[in-house]
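Have a look at upload.cif below; it lists mmCIF, C-alpha atoms.
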data_data
#
loop_
_atom_site.label_atom_id
_atom_site.label_comp_id
_atom_site.auth_asym_id
_atom_site.auth_seq_id
_atom_site.Cartn_x
_atom_site.Cartn_y
_atom_site.Cartn_z
CA MET A 641 12.53 -19.73 -26.51
CA GLU A 642 13.95 -16.32 -25.76
CA GLY A 643 14.09 -14.88 -22.27
CA ASP A 644 14.87 -18.22 -20.65
CA LEU A 645 17.54 -16.80 -18.37
CA ALA A 646 15.22 -13.96 -17.39
CA HIS A 647 12.60 -16.50 -16.34
CA ILE A 648 15.16 -18.34 -14.21
CA GLY A 649 16.12 -15.04 -12.64
CA ALA A 650 12.47 -14.29 -11.93
CA GLY A 651 12.16 -17.62 -10.16
CA LEU A 652 15.29 -16.88 -8.12
CA ALA A 653 13.88 -13.48 -7.19
CA ALA A 654 10.81 -15.22 -5.80
CA ILE A 655 13.06 -16.70 -3.07
CA GLY A 656 13.06 -13.19 -1.64
CA SER A 657 9.38 -13.46 -0.78
CA GLY A 658 10.21 -16.46 1.39
CA ALA A 659 12.79 -14.36 3.21
CA ALA A 660 10.17 -11.66 3.73
CA ALA A 661 7.87 -14.31 5.17
CA ILE A 662 10.56 -15.17 7.75
CA GLY A 663 10.84 -11.48 8.61
CA VAL A 664 7.10 -10.96 9.00
CA GLY A 665 6.86 -14.13 11.07
CA ASN A 666 9.64 -12.88 13.34
CA VAL A 667 7.90 -9.56 13.93
CA ALA A 668 4.47 -11.08 14.57
CA GLY A 669 5.81 -13.94 16.70
CA ASN A 670 7.87 -11.67 18.91
CA PHE A 671 4.92 -9.32 19.26
CA LEU A 672 2.71 -12.21 20.34
CA SER A 673 5.19 -13.54 22.90
CA GLY A 674 5.58 -10.05 24.31
CA ALA A 675 1.85 -9.45 24.28
CA LEU A 676 1.14 -12.65 26.19
CA ARG A 677 3.60 -11.63 28.88
CA ASN A 678 1.98 -8.24 29.34
CA PRO A 679 -1.44 -8.21 27.69
CA SER A 680 -2.39 -4.81 29.13
CA ALA A 681 0.41 -3.07 27.19
CA ALA A 682 -0.24 -4.94 23.95
CA GLY A 683 -3.17 -2.85 22.76
CA GLY A 684 -1.12 0.32 22.50
CA GLN A 685 1.54 -1.34 20.36
CA THR A 686 -0.55 -2.60 17.45
CA ALA A 687 0.45 0.44 15.38
CA THR A 688 4.12 -0.40 15.96
CA LEU A 689 3.37 -4.01 15.02
CA PHE A 690 1.89 -2.98 11.69
CA ILE A 691 4.74 -0.58 10.93
CA GLY A 692 7.24 -3.38 11.65
CA ILE A 693 5.33 -5.83 9.47
CA ALA A 694 5.10 -3.25 6.70
CA PHE A 695 8.86 -2.63 6.72
CA ALA A 696 9.64 -6.34 6.67
CA GLU A 697 7.11 -6.99 3.96
CA ALA A 698 8.26 -4.14 1.71
CA LEU A 699 11.50 -5.95 0.93
CA GLY A 700 9.59 -9.05 -0.11
CA ILE A 701 7.50 -6.88 -2.39
CA PHE A 702 10.75 -5.53 -3.86
CA SER A 703 11.75 -9.05 -4.86
CA PHE A 704 8.30 -9.55 -6.37
CA LEU A 705 8.90 -6.36 -8.33
CA VAL A 706 12.27 -7.64 -9.56
CA ALA A 707 10.55 -10.83 -10.70
CA LEU A 708 7.91 -8.82 -12.56
CA LEU A 709 10.56 -6.65 -14.22
CA LEU A 710 12.46 -9.74 -15.34
CA MET A 711 9.30 -11.34 -16.70
CA PHE A 712 7.86 -8.38 -18.58
CA ALA A 713 10.38 -5.56 -18.89
CA VAL A 714 13.68 -7.30 -19.74
CA MET B 469 4.45 -4.33 -19.01
CA ALA B 470 0.78 -5.17 -19.39
CA THR B 471 0.77 -4.97 -23.17
CA GLU B 472 3.62 -7.47 -23.38
CA ALA B 473 1.76 -9.73 -20.99
CA ASN B 474 -0.97 -9.89 -23.59
CA GLY B 475 1.24 -11.42 -26.23
CA GLU B 476 2.95 -14.08 -24.12
CA GLY B 477 1.77 -17.61 -24.72
CA THR B 478 1.07 -19.27 -21.39
CA GLY B 479 -0.78 -22.40 -20.40
CA LEU B 480 -3.59 -20.47 -18.71
CA VAL B 481 -6.83 -19.49 -20.43
CA PHE B 482 -6.04 -15.84 -19.76
CA HIS B 483 -2.94 -14.12 -18.50
CA PRO B 484 -3.11 -13.19 -14.80
CA MET B 485 -1.71 -9.73 -15.52
CA ASP B 486 -4.35 -8.93 -18.17
CA GLN B 487 -6.58 -7.38 -15.52
CA PHE B 488 -4.15 -4.49 -15.06
CA ILE B 489 -4.25 -3.26 -18.67
CA VAL B 490 -5.28 0.37 -18.98
CA LYS B 491 -7.93 0.72 -21.70
CA PRO B 492 -9.78 3.74 -23.05
CA LEU B 493 -13.43 3.57 -22.07
CA PHE B 494 -14.92 4.49 -25.45
CA GLY B 495 -12.80 2.38 -27.80
CA GLY B 496 -9.71 3.43 -29.69
CA ASP B 497 -6.10 2.71 -28.82
CA THR B 498 -4.45 6.05 -28.16
CA ILE B 499 -4.33 7.20 -24.56
CA ASN B 500 -3.73 10.90 -23.98
CA TRP B 501 -3.80 12.61 -20.61
CA TYR B 502 -7.47 13.57 -21.11
CA THR B 503 -8.68 10.16 -22.39
CA PRO B 504 -11.24 8.62 -20.04
CA THR B 505 -9.84 5.17 -19.21
CA ASN B 506 -10.92 2.42 -16.88
CA VAL B 507 -8.42 3.79 -14.34
CA SER B 508 -9.98 7.23 -14.32
CA LEU B 509 -13.48 5.71 -14.21
CA TRP B 510 -12.69 3.71 -11.07
CA MET B 511 -10.89 6.64 -9.44
CA VAL B 512 -13.96 8.81 -10.02
CA LEU B 513 -16.14 6.02 -8.60
CA THR B 514 -13.86 5.88 -5.54
CA ILE B 515 -14.32 9.59 -4.96
CA VAL B 516 -18.09 9.26 -5.48
CA VAL B 517 -18.27 6.48 -2.87
CA VAL B 518 -16.21 8.48 -0.36
CA PHE B 519 -18.46 11.49 -1.04
CA LEU B 520 -21.59 9.37 -0.53
CA LEU B 521 -20.27 8.02 2.76
CA LEU B 522 -18.77 11.14 4.31
CA VAL B 523 -20.94 13.95 2.90
CA VAL B 524 -24.31 12.48 1.93
CA GLY B 525 -24.25 9.82 4.66
CA THR B 526 -23.76 12.34 7.46
CA ARG B 527 -26.20 14.90 6.06
CA GLY B 528 -28.80 14.15 8.76
CA ARG B 529 -26.35 14.96 11.60
CA ALA B 530 -28.56 12.85 13.88
CA ILE B 531 -27.75 12.58 17.57
CA VAL B 532 -28.50 8.88 17.32
CA PRO B 533 -26.63 8.15 14.07
CA SER B 534 -28.01 6.07 11.25
CA ARG B 535 -25.99 3.10 10.01
CA VAL B 536 -24.18 5.06 7.29
CA GLN B 537 -23.48 7.95 9.63
CA SER B 538 -22.03 5.70 12.31
CA VAL B 539 -19.68 4.11 9.76
CA ALA B 540 -18.55 7.59 8.70
CA GLU B 541 -18.06 8.60 12.34
CA LEU B 542 -16.12 5.41 12.99
CA ALA B 543 -13.76 6.14 10.06
CA TYR B 544 -13.32 9.75 11.18
CA GLY B 545 -12.57 8.75 14.77
CA PHE B 546 -10.20 5.99 13.66
CA VAL B 547 -8.02 8.29 11.53
CA HIS B 548 -8.22 11.14 14.06
CA LYS B 549 -6.95 8.89 16.85
CA MET B 550 -4.21 7.51 14.57
CA VAL B 551 -2.91 11.00 13.74
CA GLU B 552 -3.05 12.06 17.37
CA ASP B 553 -1.33 8.94 18.70
CA VAL B 554 1.40 8.57 16.09
CA ALA B 555 2.20 12.11 14.94
CA GLY B 556 1.21 14.08 18.02
CA LYS B 557 -1.36 16.78 18.77
CA ASP B 558 0.28 19.49 16.65
CA ALA B 559 -0.04 17.26 13.56
CA LEU B 560 -3.82 17.53 13.77
CA LYS B 561 -3.88 20.42 11.32
CA PHE B 562 -2.79 17.90 8.69
CA PHE B 563 -5.70 15.65 9.64
CA PRO B 564 -7.84 16.58 6.57
CA TYR B 565 -5.01 15.58 4.23
CA ILE B 566 -4.37 12.28 6.00
CA MET B 567 -8.10 11.53 6.16
CA THR B 568 -8.30 12.15 2.39
CA ILE B 569 -5.42 9.76 1.73
CA PHE B 570 -6.89 7.08 3.97
CA MET B 571 -10.41 7.23 2.54
CA PHE B 572 -9.14 7.28 -1.05
CA VAL B 573 -6.79 4.34 -0.61
CA VAL B 574 -9.16 2.20 1.44
CA PHE B 575 -12.05 2.66 -1.00
CA ALA B 576 -9.86 2.23 -4.07
CA ASN B 577 -8.68 -1.08 -2.55
CA PHE B 578 -12.19 -2.24 -1.66
CA LEU B 579 -13.72 -1.25 -5.00
CA GLY B 580 -10.90 -3.12 -6.69
CA LEU B 581 -12.14 -6.28 -4.96
CA LEU B 582 -15.49 -6.16 -6.75
CA PRO B 583 -15.63 -8.70 -9.58
CA MET B 584 -14.96 -7.16 -13.02
CA SER B 585 -13.72 -3.95 -11.45
CA PHE B 586 -10.34 -2.33 -11.86
CA SER B 587 -8.09 -1.75 -8.84
CA THR B 588 -6.51 1.64 -9.36
CA THR B 589 -4.08 1.25 -6.46
CA SER B 590 -2.45 -1.72 -8.21
CA HIS B 591 -0.74 0.74 -10.57
CA PHE B 592 2.54 2.26 -9.49
CA ALA B 593 1.65 5.48 -11.30
CA VAL B 594 -1.30 6.05 -8.96
CA THR B 595 0.43 5.18 -5.71
CA ALA B 596 3.64 6.95 -6.73
CA ILE B 597 1.75 10.23 -7.08
CA LEU B 598 0.28 9.73 -3.60
CA ALA B 599 3.70 8.88 -2.17
CA ILE B 600 5.49 11.77 -3.90
CA ALA B 601 2.82 14.17 -2.64
CA VAL B 602 3.39 12.89 0.90
CA PHE B 603 7.18 13.13 0.49
CA LEU B 604 7.06 16.72 -0.80
CA THR B 605 4.57 17.76 1.89
CA VAL B 606 6.68 16.26 4.65
CA THR B 607 9.94 17.74 3.37
CA ILE B 608 8.48 21.23 2.86
CA VAL B 609 6.73 21.16 6.23
CA GLY B 610 9.96 20.03 7.89
CA PHE B 611 11.97 22.91 6.42
CA VAL B 612 9.27 25.54 7.01
CA LYS B 613 8.71 24.46 10.60
CA ASN B 614 12.29 23.83 11.73
CA GLY B 615 14.43 25.68 9.20
CA THR B 616 17.91 24.22 8.93
CA LYS B 617 17.36 22.30 12.17
CA PHE B 618 15.42 19.82 10.03
CA LEU B 619 18.81 18.60 8.77
CA GLY B 620 19.39 17.33 12.33
CA LEU B 621 17.24 14.40 11.22
CA PHE B 622 20.31 13.15 9.34
CA TRP B 623 22.88 14.08 11.98
CA VAL B 624 22.41 11.44 14.67
CA SER B 625 23.65 13.28 17.76
CA SER B 626 23.41 10.22 20.02
CA ALA B 627 26.02 8.31 17.97
CA PRO B 628 29.82 8.64 18.42
CA LEU B 629 31.25 11.57 16.46
CA ALA B 630 33.35 9.39 14.12
CA LEU B 631 30.29 7.42 13.06
CA ARG B 632 28.06 10.41 12.38
CA PRO B 633 29.10 11.15 8.76
CA VAL B 634 28.55 7.50 7.82
CA LEU B 635 25.19 7.47 9.56
CA ALA B 636 24.31 10.75 7.87
CA ILE B 637 24.78 9.16 4.44
CA ILE B 638 22.72 6.12 5.44
CA GLU B 639 19.98 8.32 6.87
CA LEU B 640 19.97 10.46 3.73
CA ILE B 641 19.61 7.39 1.50
CA SER B 642 16.86 5.95 3.66
CA TYR B 643 15.07 9.31 3.57
CA PHE B 644 15.01 9.37 -0.22
CA VAL B 645 14.05 5.69 -0.52
CA ARG B 646 10.97 6.37 1.62
CA PRO B 647 8.63 7.45 -1.21
CA VAL B 648 9.79 4.48 -3.31
CA SER B 649 9.02 1.87 -0.66
CA HIS B 650 5.91 3.81 0.36
CA CYS B 651 4.33 3.46 -3.10
CA ILE B 652 5.70 0.04 -4.02
CA ARG B 653 4.40 -1.52 -0.81
CA LEU B 654 0.80 -0.56 -1.56
CA ALA B 655 0.82 -1.22 -5.31
CA GLY B 656 2.84 -4.45 -4.98
CA ASN B 657 0.55 -5.90 -2.33
CA ILE B 658 -2.62 -5.14 -4.24
CA MET B 659 -1.18 -6.28 -7.57
CA ALA B 660 0.24 -9.51 -6.13
CA GLY B 661 -3.06 -10.38 -4.44
CA HIS B 662 -5.13 -9.78 -7.54
CA ALA B 663 -2.68 -11.73 -9.70
CA VAL B 664 -2.84 -14.71 -7.30
CA ILE B 665 -6.65 -14.71 -7.45
CA LYS B 666 -6.46 -14.67 -11.26
CA VAL B 667 -3.97 -17.55 -11.29
CA PHE B 668 -6.36 -19.67 -9.22
CA ALA B 669 -9.22 -18.55 -11.47
CA GLY B 670 -7.22 -19.87 -14.44
CA PHE B 671 -7.01 -23.30 -12.76
CA ALA B 672 -10.81 -23.38 -12.49
CA ALA B 673 -10.98 -24.18 -16.22
CA ILE B 674 -9.48 -27.63 -15.53
CA ALA B 675 -12.45 -29.72 -14.40
CA ALA B 676 -10.54 -32.07 -12.07
CA ILE B 677 -9.19 -29.34 -9.79
CA SER B 678 -11.90 -26.72 -10.21
CA PRO B 679 -13.53 -27.29 -6.75
CA LEU B 680 -10.13 -26.87 -5.13
CA SER B 681 -9.46 -23.75 -7.12
CA ILE B 682 -12.81 -22.20 -6.19
CA LEU B 683 -12.03 -22.93 -2.54
CA ALA B 684 -8.63 -21.28 -2.97
CA ILE B 685 -10.17 -18.22 -4.64
CA THR B 686 -12.60 -17.85 -1.73
CA ALA B 687 -9.79 -18.10 0.81
CA MET B 688 -7.59 -15.65 -1.10
CA TYR B 689 -10.52 -13.26 -1.43
CA GLY B 690 -10.95 -13.24 2.33
CA LEU B 691 -7.24 -12.60 2.77
CA GLU B 692 -7.32 -9.84 0.15
CA THR B 693 -10.18 -8.10 1.97
CA LEU B 694 -7.95 -8.03 5.04
CA VAL B 695 -4.91 -6.90 3.04
CA ALA B 696 -6.91 -4.12 1.34
CA PHE B 697 -7.67 -2.59 4.72
CA ILE B 698 -4.27 -3.26 6.31
CA GLN B 699 -2.37 -1.73 3.40
CA ALA B 700 -4.52 1.41 3.52
CA TYR B 701 -3.87 1.52 7.27
CA VAL B 702 -0.13 1.04 6.79
CA PHE B 703 0.02 3.70 4.06
CA THR B 704 -1.73 6.18 6.34
CA ILE B 705 0.25 5.34 9.46
CA LEU B 706 3.55 5.68 7.60
CA THR B 707 2.39 9.12 6.43
CA CYS B 708 1.85 9.95 10.11
CA VAL B 709 5.31 8.62 11.02
CA TYR B 710 6.97 10.72 8.30
CA LEU B 711 4.97 13.75 9.45
CA LYS B 712 6.15 13.20 13.02
CA ASP B 713 9.76 13.17 11.78
CA ALA B 714 9.15 16.46 9.99
CA LEU B 715 7.54 18.15 12.99
CA HIS B 716 10.00 16.84 15.59
CA PRO B 717 13.24 16.07 13.74
CA SER B 718 15.45 15.65 16.84
CA HIS B 719 16.61 12.08 17.23
#

Full structure transcribed into structure tokens:
Amino acid sequence: MEGDLAHIGAGLAAIGSGAAAIGVGNVAGNFLSGALRNPSAAGGQTATLFIGIAFAEALGIFSFLVALLLMFAV
Amino acid sequence: MATEANGEGTGLVFHPMDQFIVKPLFGGDTINWYTPTNVSLWMVLTIVVVFLLLVVGTRGRAIVPSRVQSVAELAYGFVHKMVEDVAGKDALKFFPYIMTIFMFVVFANFLGLLPMSFSTTSHFAVTAILAIAVFLTVTIVGFVKNGTKFLGLFWVSSAPLALRPVLAIIELISYFVRPVSHCIRLAGNIMAGHAVIKVFAGFAAIAAISPLSILAITAMYGLETLVAFIQAYVFTILTCVYLKDALHPSH
């Protein structure tokens, strides 16, 4: 079957989404621990929270993209 | 990509990426720029829904708003506050543009969640146009408003002098990667979510695990509803952040 190595590479690229999960968990967990210390200031920082999550998540999406390219474009 | 997905032999009843194939609406195979396709159909539907909500829904201009009008007012107030908080008061003249982006993306995402529909924002071509438009707007506004002082965005004056050229290169690269990550984030999230739902739907054909798979589809659908809104929110708020950089480039 052709494209075997590309499929292995796609599977390896999927590891990147696990790394993105660690990043998103870090952002959200740190936000929560900060928010519980000072709940009155937490409301104003939700926008920053989502921007941080978006930046962390984008890199996981990049690895998903690499996997897709390996599956269908190579 | 999608056409090749069609030909691959997989164990599933249908390929999870089949849902993203662009097809002409009235038969035929050739797609020209004027051919009505399922993408253009669902984009027109998105605009119709936004029009119904924001123009027809608020036609009464009642003091005590009807249900549709209060939803429209809620969306207006939400985006208005976001622009004001993130980009500052002088960014409010770009509010119509940002409101347009937000309403288009959020309704394209939500309409894509309807069964048998087509999610236009899952295609990089659609989101890339949105992201490039934002990038060009922000860059032009930055240069028109600040002249050459806009280049100060890349010259980090708070860093030591020896480091500044290195930082300038990094800042320049990160500036030009912005539209790429901006569009891939939205399209990748929506595409990944829809593909996951389709993968679970493929498992439903196997009788032994079909109850589990239906449960998983339901759970993923709930998550996707959340993601559809959050990604529209993130797309809009990043537009505001980029706009803030253009209006106030000093570090």

For each of B:Ala676, B:Ala540, B:Ile685, B:Leu640, take the minimum atom-to-atom distance to Gly525 of chain B, counting only C-alpha atoms, then give the residue where this is smallest.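 With only C-alpha atoms as the atom set, the closest residue is B:Ala540.
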
Give one line per residue of chain A that approaches chain B to at most 7 Å, naming the two atoms of the closest pair and their distance in Å to one decimal, counting all atoms listed in the file; sort by chain then ascending residue number and deliver it as CSV.
residue,atom,partner,partner_atom,distance
A:Phe690,CA,B:Val702,CA,6.7
A:Ile691,CA,B:Val702,CA,6.6
A:Ala694,CA,B:Val702,CA,6.8
A:Ala698,CA,B:Arg653,CA,5.3
A:Ile701,CA,B:Gly656,CA,5.9
A:Phe712,CA,B:Met469,CA,5.3
A:Ala713,CA,B:Met469,CA,6.1

Nearest-residue call for Lys561 of chain B, choices B:Val664, B:Leu629, B:Val609, B:Val574, using only C-alpha atoms: B:Val609

Residue IDs satisfying the PyMOL selection byres ((chain A and resi 702) around 10), as a VMD selection string: (chain A and resid 653 to 654 656 to 657 660 697 to 701 703 to 708) or (chain B and resid 649 652 to 653 656)

Take the selection from the previous step and output its residues with C-alpha atoms, as a CSV table (one decimal), in the frame of the given file.
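Written output follows (selection.csv):
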chain,number,residue,atom,x,y,z
A,653,ALA,CA,13.9,-13.5,-7.2
A,654,ALA,CA,10.8,-15.2,-5.8
A,656,GLY,CA,13.1,-13.2,-1.6
A,657,SER,CA,9.4,-13.5,-0.8
A,660,ALA,CA,10.2,-11.7,3.7
A,697,GLU,CA,7.1,-7.0,4.0
A,698,ALA,CA,8.3,-4.1,1.7
A,699,LEU,CA,11.5,-6.0,0.9
A,700,GLY,CA,9.6,-9.0,-0.1
A,701,ILE,CA,7.5,-6.9,-2.4
A,703,SER,CA,11.8,-9.0,-4.9
A,704,PHE,CA,8.3,-9.6,-6.4
A,705,LEU,CA,8.9,-6.4,-8.3
A,706,VAL,CA,12.3,-7.6,-9.6
A,707,ALA,CA,10.6,-10.8,-10.7
A,708,LEU,CA,7.9,-8.8,-12.6
B,649,SER,CA,9.0,1.9,-0.7
B,652,ILE,CA,5.7,0.0,-4.0
B,653,ARG,CA,4.4,-1.5,-0.8
B,656,GLY,CA,2.8,-4.4,-5.0

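One distance worth recording is that between atom CA of Leu635 of chain B and atom CA of Thr707 of chain B, which is 23.1 Å.
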
What do you get, as a PDB file with C-alpha atoms, in the coordinates of the input, if you spell out every residue that the PyMOL selection byres ((chain B and resi 665) around 12) selects here?
ATOM      1  CA  HIS B 483      -2.940 -14.120 -18.500  1.00  0.00           C
ATOM      2  CA  PRO B 484      -3.110 -13.190 -14.800  1.00  0.00           C
ATOM      3  CA  MET B 485      -1.710  -9.730 -15.520  1.00  0.00           C
ATOM      4  CA  GLN B 487      -6.580  -7.380 -15.520  1.00  0.00           C
ATOM      5  CA  LEU B 581     -12.140  -6.280  -4.960  1.00  0.00           C
ATOM      6  CA  PRO B 583     -15.630  -8.700  -9.580  1.00  0.00           C
ATOM      7  CA  ILE B 658      -2.620  -5.140  -4.240  1.00  0.00           C
ATOM      8  CA  MET B 659      -1.180  -6.280  -7.570  1.00  0.00           C
ATOM      9  CA  ALA B 660       0.240  -9.510  -6.130  1.00  0.00           C
ATOM     10  CA  GLY B 661      -3.060 -10.380  -4.440  1.00  0.00           C
ATOM     11  CA  HIS B 662      -5.130  -9.780  -7.540  1.00  0.00           C
ATOM     12  CA  ALA B 663      -2.680 -11.730  -9.700  1.00  0.00           C
ATOM     13  CA  VAL B 664      -2.840 -14.710  -7.300  1.00  0.00           C
ATOM     14  CA  LYS B 666      -6.460 -14.670 -11.260  1.00  0.00           C
ATOM     15  CA  VAL B 667      -3.970 -17.550 -11.290  1.00  0.00           C
ATOM     16  CA  PHE B 668      -6.360 -19.670  -9.220  1.00  0.00           C
ATOM     17  CA  ALA B 669      -9.220 -18.550 -11.470  1.00  0.00           C
ATOM     18  CA  GLY B 670      -7.220 -19.870 -14.440  1.00  0.00           C
ATOM     19  CA  PHE B 671      -7.010 -23.300 -12.760  1.00  0.00           C
ATOM     20  CA  ALA B 672     -10.810 -23.380 -12.490  1.00  0.00           C
ATOM     21  CA  SER B 681      -9.460 -23.750  -7.120  1.00  0.00           C
ATOM     22  CA  ILE B 682     -12.810 -22.200  -6.190  1.00  0.00           C
ATOM     23  CA  LEU B 683     -12.030 -22.930  -2.540  1.00  0.00           C
ATOM     24  CA  ALA B 684      -8.630 -21.280  -2.970  1.00  0.00           C
ATOM     25  CA  ILE B 685     -10.170 -18.220  -4.640  1.00  0.00           C
ATOM     26  CA  THR B 686     -12.600 -17.850  -1.730  1.00  0.00           C
ATOM     27  CA  ALA B 687      -9.790 -18.100   0.810  1.00  0.00           C
ATOM     28  CA  MET B 688      -7.590 -15.650  -1.100  1.00  0.00           C
ATOM     29  CA  TYR B 689     -10.520 -13.260  -1.430  1.00  0.00           C
ATOM     30  CA  GLY B 690     -10.950 -13.240   2.330  1.00  0.00           C
ATOM     31  CA  LEU B 691      -7.240 -12.600   2.770  1.00  0.00           C
ATOM     32  CA  GLU B 692      -7.320  -9.840   0.150  1.00  0.00           C
TER      33      GLU B 692
END

Tell me which protein, DNA and RNA residues are within 12 Å of Asn666 of chain A, counting only C-alpha atoms, leaving out same-chain ones fewer than 6 positions away, and put them as a list in words. Ala659, Ala660, Leu672, Ser673, Leu689, Gly692, Ile693, Ala696 and Glu697 of chain A

Can I get the selection written as a short mmCIF file (atom, residue, chain, number, x, y, z; two decimals), in the coordinates of the input, with C-alpha atoms?
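The file below, result07.cif, is the result:
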data_model
loop_
_atom_site.label_atom_id
_atom_site.label_comp_id
_atom_site.auth_asym_id
_atom_site.auth_seq_id
_atom_site.Cartn_x
_atom_site.Cartn_y
_atom_site.Cartn_z
CA ALA A 659 12.79 -14.36 3.21
CA ALA A 660 10.17 -11.66 3.73
CA LEU A 672 2.71 -12.21 20.34
CA SER A 673 5.19 -13.54 22.90
CA LEU A 689 3.37 -4.01 15.02
CA GLY A 692 7.24 -3.38 11.65
CA ILE A 693 5.33 -5.83 9.47
CA ALA A 696 9.64 -6.34 6.67
CA GLU A 697 7.11 -6.99 3.96
#

Name the residues that the PyMOL selection byres ((chain B and resi 602) around 12) pulls out of this structure, and write them as a tab-separated table (two decimals) with C-alpha atoms, in the frame of the given file.
chain	number	residue	atom	x	y	z
B	562	PHE	CA	-2.79	17.90	8.69
B	565	TYR	CA	-5.01	15.58	4.23
B	566	ILE	CA	-4.37	12.28	6.00
B	568	THR	CA	-8.30	12.15	2.39
B	569	ILE	CA	-5.42	9.76	1.73
B	595	THR	CA	0.43	5.18	-5.71
B	596	ALA	CA	3.64	6.95	-6.73
B	597	ILE	CA	1.75	10.23	-7.08
B	598	LEU	CA	0.28	9.73	-3.60
B	599	ALA	CA	3.70	8.88	-2.17
B	600	ILE	CA	5.49	11.77	-3.90
B	601	ALA	CA	2.82	14.17	-2.64
B	603	PHE	CA	7.18	13.13	0.49
B	604	LEU	CA	7.06	16.72	-0.80
B	605	THR	CA	4.57	17.76	1.89
B	606	VAL	CA	6.68	16.26	4.65
B	607	THR	CA	9.94	17.74	3.37
B	608	ILE	CA	8.48	21.23	2.86
B	609	VAL	CA	6.73	21.16	6.23
B	610	GLY	CA	9.96	20.03	7.89
B	646	ARG	CA	10.97	6.37	1.62
B	647	PRO	CA	8.63	7.45	-1.21
B	648	VAL	CA	9.79	4.48	-3.31
B	650	HIS	CA	5.91	3.81	0.36
B	651	CYS	CA	4.33	3.46	-3.10
B	703	PHE	CA	0.02	3.70	4.06
B	704	THR	CA	-1.73	6.18	6.34
B	705	ILE	CA	0.25	5.34	9.46
B	706	LEU	CA	3.55	5.68	7.60
B	707	THR	CA	2.39	9.12	6.43
B	708	CYS	CA	1.85	9.95	10.11
B	709	VAL	CA	5.31	8.62	11.02
B	710	TYR	CA	6.97	10.72	8.30
B	711	LEU	CA	4.97	13.75	9.45
B	714	ALA	CA	9.15	16.46	9.99

Centre and edge lengths, as AutoDock Vina command-line options, for the axis-aligned box enclosing every listed atom of segment 526-533 of chain B with 6 Å of padding on each of the six sides, in Å to one decimal?
--center_x -26.3 --center_y 11.6 --center_z 11.8 --size_x 17.0 --size_y 18.8 --size_z 23.5

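For the atom pair formed by atom CA of Val573 of chain B and atom CA of Ala593 of chain B, the distance is 13.7 Å, given to one decimal.
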
Need the neighbours of (-19.0, 6.1, 12.7): which residues are at most 12 Å away, counting all atoms listed in the file, as a ChimeraX atom specification? /B:521-522,525-526,529-548

Measure the distance from atom CA of Phe578 of chain B to atom CA of Val518 of chain B in Å and round it to one decimal.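 According to the coordinates, atom CA of Phe578 of chain B and atom CA of Val518 of chain B are separated by 11.5 Å.
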
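Distances to Thr693 of chain B were evaluated for B:Val594, B:Ala630, B:Leu582, B:Leu621 using all atoms listed in the file, and the minimum falls at B:Leu582.
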